[in-house]
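A quick write-up on the structure given underneath.
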Amino acid sequence: MRQPDPTHLPFSLAALGHDFAPATPDRDSPGTPGCWIILRENGLVLCRDGLGLPDGVLPVAGPFAVPPVLVGFWQGRPLRAARLEPEAGLPAGLMAVSASYRNQALDDRLITLAGLARQVLHWRDRSRICPACGGSPGEIAGSFGARCPSCTREYYPRIHPAVIVLITRGEEFLLVRKADWPAGQYGLVAGYVEFCETLEECVVREVMEETGLAVTDVRYLASQSWPFPSQLMAGFAATCAGGELVLDTAELEAAAWFSAERLPPVLPPRASIARALIDRFAPGLGGAIENP
């Protein structure tokens with residue numbers, strides 16, 4: 001069972017441990033055999049025997065939606081990521097499994113590697129055309145950056161900050177629900193940081209916009225990389241300071257106050273910072289609940 005520790009959640013270097021070492025694109029030797037993180041639509045390609053990463057020079061023939069990219073070293077060997085076109089076939093020894101953070105059949109390391117590949121390949125796919133002049137940027141040696149040869153502008157991977165907040169009221173905590181979440185699942189208020197806004201100001205604004213509640217005592221707890229495709233979730237707790245619970249129905253389907261004695265039917269998956277904040281910081285819970 002995954003432990004709900006915000007400092008060791010999936011999508012972090014800590015989740016990969018000493019088996020992973022970052023690498024920059026200029027260190028690649030394309031003909032050297034290595035390990036592969038191969039994505040196809042929402043699936044991660046793994047070996048049928050043991051659910052391990054494919055190995056070799058190029059274990060699949062393509063076609064590729066995003067060509068292979070060196071993302072690091074895995075157990076001392078080159079680790080490359082690539083995205084297949086949806087119609088691409090797989091050799092008999094490989095299969096695609098859901099790479100969702102909800103898939104509890106995958107351990108934290110595989111979920112994290114799939115997330116790393118998703119982020120890198122999303123950036124590589126989005127940096128093919130210079131937005132200033134329409135040129136074709138090339139790689140900047142020693143980084144994942146890109147430089148346009150026509151106008152010399154440089155671009156680097158973009159990470160989008162967002163906040164997620166556990167709101168408390170005495171022994172109760174507020175959970176919300178979006179319409180497209182699995183049946184019965186509740187989670188936390190969250191939203192993107194806007195221009196000229198601190199993380200704490202974003203917490204106050206998002207809570208007011210989505211629930212009509214005012215909050216105070218906003219305090220940072222933990223963060224999680226969220227590669228869907230390139231967010232950084234900053235987790236906070238805040239105390240309800242009043243107001244009437246009025247939902248923004250364009251964002252939320254439901255919201256309610258819960259407690260250690262009265263939980264929702266389904267909590268967020270254990271791979272998420274939402275679940276870690278609820279498990280460890282909701283009043284009265286103390287990490288003891290087992291709802292998957």
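Residue numbering restarts at 1 in every chain; chains get A, B, ... in the order shown in the structure tokens, and ligands count up from 1 in that same order.
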
Can you pull out every residue within 10 Å of Ile164 (chain A), counting only C-alpha atoms, but drop anything in the same chain fewer than 3 positions away, and send it as number ranges by chain?
A: 167, 187-192, 199, 202-203, 206-207, 220, 222-223, 233-237, 273-274, 277

From a DSSP calculation on the backbone, collect every residue of region 148-261 of chain A in alpha helix (DSSP H) and output the set as an NGL selection string.
:A and (199-211)

Need to verify the contact set: Lys178 (chain A), 9 Å, only C-alpha atoms, exclusion of same-chain residues closer than 5 positions in sequence. Can you return it as a list in words?
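Non-adjacent residues within range: Gln185, Tyr186, Gly187, Glu251, Leu252, Glu253 and Ala254 of chain A.
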
Since we have the selection now, will you write its residues out, keeping N, CA and C atoms, as an mmCIF file, in the first residue's frame?
```cif
data_model
loop_
_atom_site.group_PDB
_atom_site.id
_atom_site.type_symbol
_atom_site.label_atom_id
_atom_site.label_comp_id
_atom_site.auth_asym_id
_atom_site.auth_seq_id
_atom_site.Cartn_x
_atom_site.Cartn_y
_atom_site.Cartn_z
ATOM 1 N N GLN A 185 -16.368 10.158 -6.188
ATOM 2 C CA GLN A 185 -15.075 10.691 -5.755
ATOM 3 C C GLN A 185 -15.163 12.184 -5.457
ATOM 4 N N TYR A 186 -14.562 12.571 -4.336
ATOM 5 C CA TYR A 186 -14.422 13.967 -3.953
ATOM 6 C C TYR A 186 -12.945 14.305 -3.829
ATOM 7 N N GLY A 187 -12.620 15.587 -3.970
ATOM 8 C CA GLY A 187 -11.240 16.025 -3.865
ATOM 9 C C GLY A 187 -11.159 17.423 -3.296
ATOM 10 N N GLU A 251 -17.418 24.844 -12.745
ATOM 11 C CA GLU A 251 -16.238 24.095 -12.321
ATOM 12 C C GLU A 251 -16.590 22.860 -11.505
ATOM 13 N N LEU A 252 -17.576 22.990 -10.618
ATOM 14 C CA LEU A 252 -17.854 21.947 -9.643
ATOM 15 C C LEU A 252 -19.288 21.450 -9.740
ATOM 16 N N GLU A 253 -19.446 20.181 -9.390
ATOM 17 C CA GLU A 253 -20.770 19.556 -9.349
ATOM 18 C C GLU A 253 -21.335 19.516 -7.935
ATOM 19 N N ALA A 254 -20.460 19.401 -6.943
ATOM 20 C CA ALA A 254 -20.918 19.284 -5.563
ATOM 21 C C ALA A 254 -19.786 19.675 -4.624
#
```

Considering only C-alpha atoms, tabulate each residue of region 143-237 of chain A that lies at most 12 Å from region 110-117 of chain A along with its nearest interatomic pair and the corresponding distance in Å to one decimal; arrange the rows by chain and ascending residue number and present them as a Markdown table.
```
| residue | atom | partner | partner_atom | distance |
| --- | --- | --- | --- | --- |
| A:Gln224 | CA | A:Thr112 | CA | 11.2 |
| A:Ser225 | CA | A:Gly115 | CA | 8.9 |
| A:Trp226 | CA | A:Gly115 | CA | 7.8 |
| A:Pro227 | CA | A:Gly115 | CA | 5.3 |
| A:Phe228 | CA | A:Gly115 | CA | 7.7 |
| A:Pro229 | CA | A:Gly115 | CA | 8.2 |
| A:Ser230 | CA | A:Gly115 | CA | 9.2 |
| A:Gln231 | CA | A:Gly115 | CA | 11.0 |
```

Write out as a PyMOL selection string each polymer residue whose atoms come within 12 Å of Arg102 (chain A), counting only C-alpha atoms; drop sequence neighbours fewer than 3 positions from it.
chain A and resi 10+97-99+105-108+111+181-182+267-272+275+292

Counting only C-alpha atoms, which of A:Ala65, A:Val45, A:Ala21, A:Ala132 gets nearest to Tyr155 (chain A)?
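Looking at the shortest contact to Tyr155 (chain A), the residue is A:Ala132.
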
Selected residue of minimal separation from Val120 (chain A) among A:Val71, A:Pro91, A:Arg177, A:Arg153, counting only C-alpha atoms:
A:Val71

Could you give me the residues within region 112-243 of chain A that DSSP places in strand (DSSP E), as a count of residues only?
51
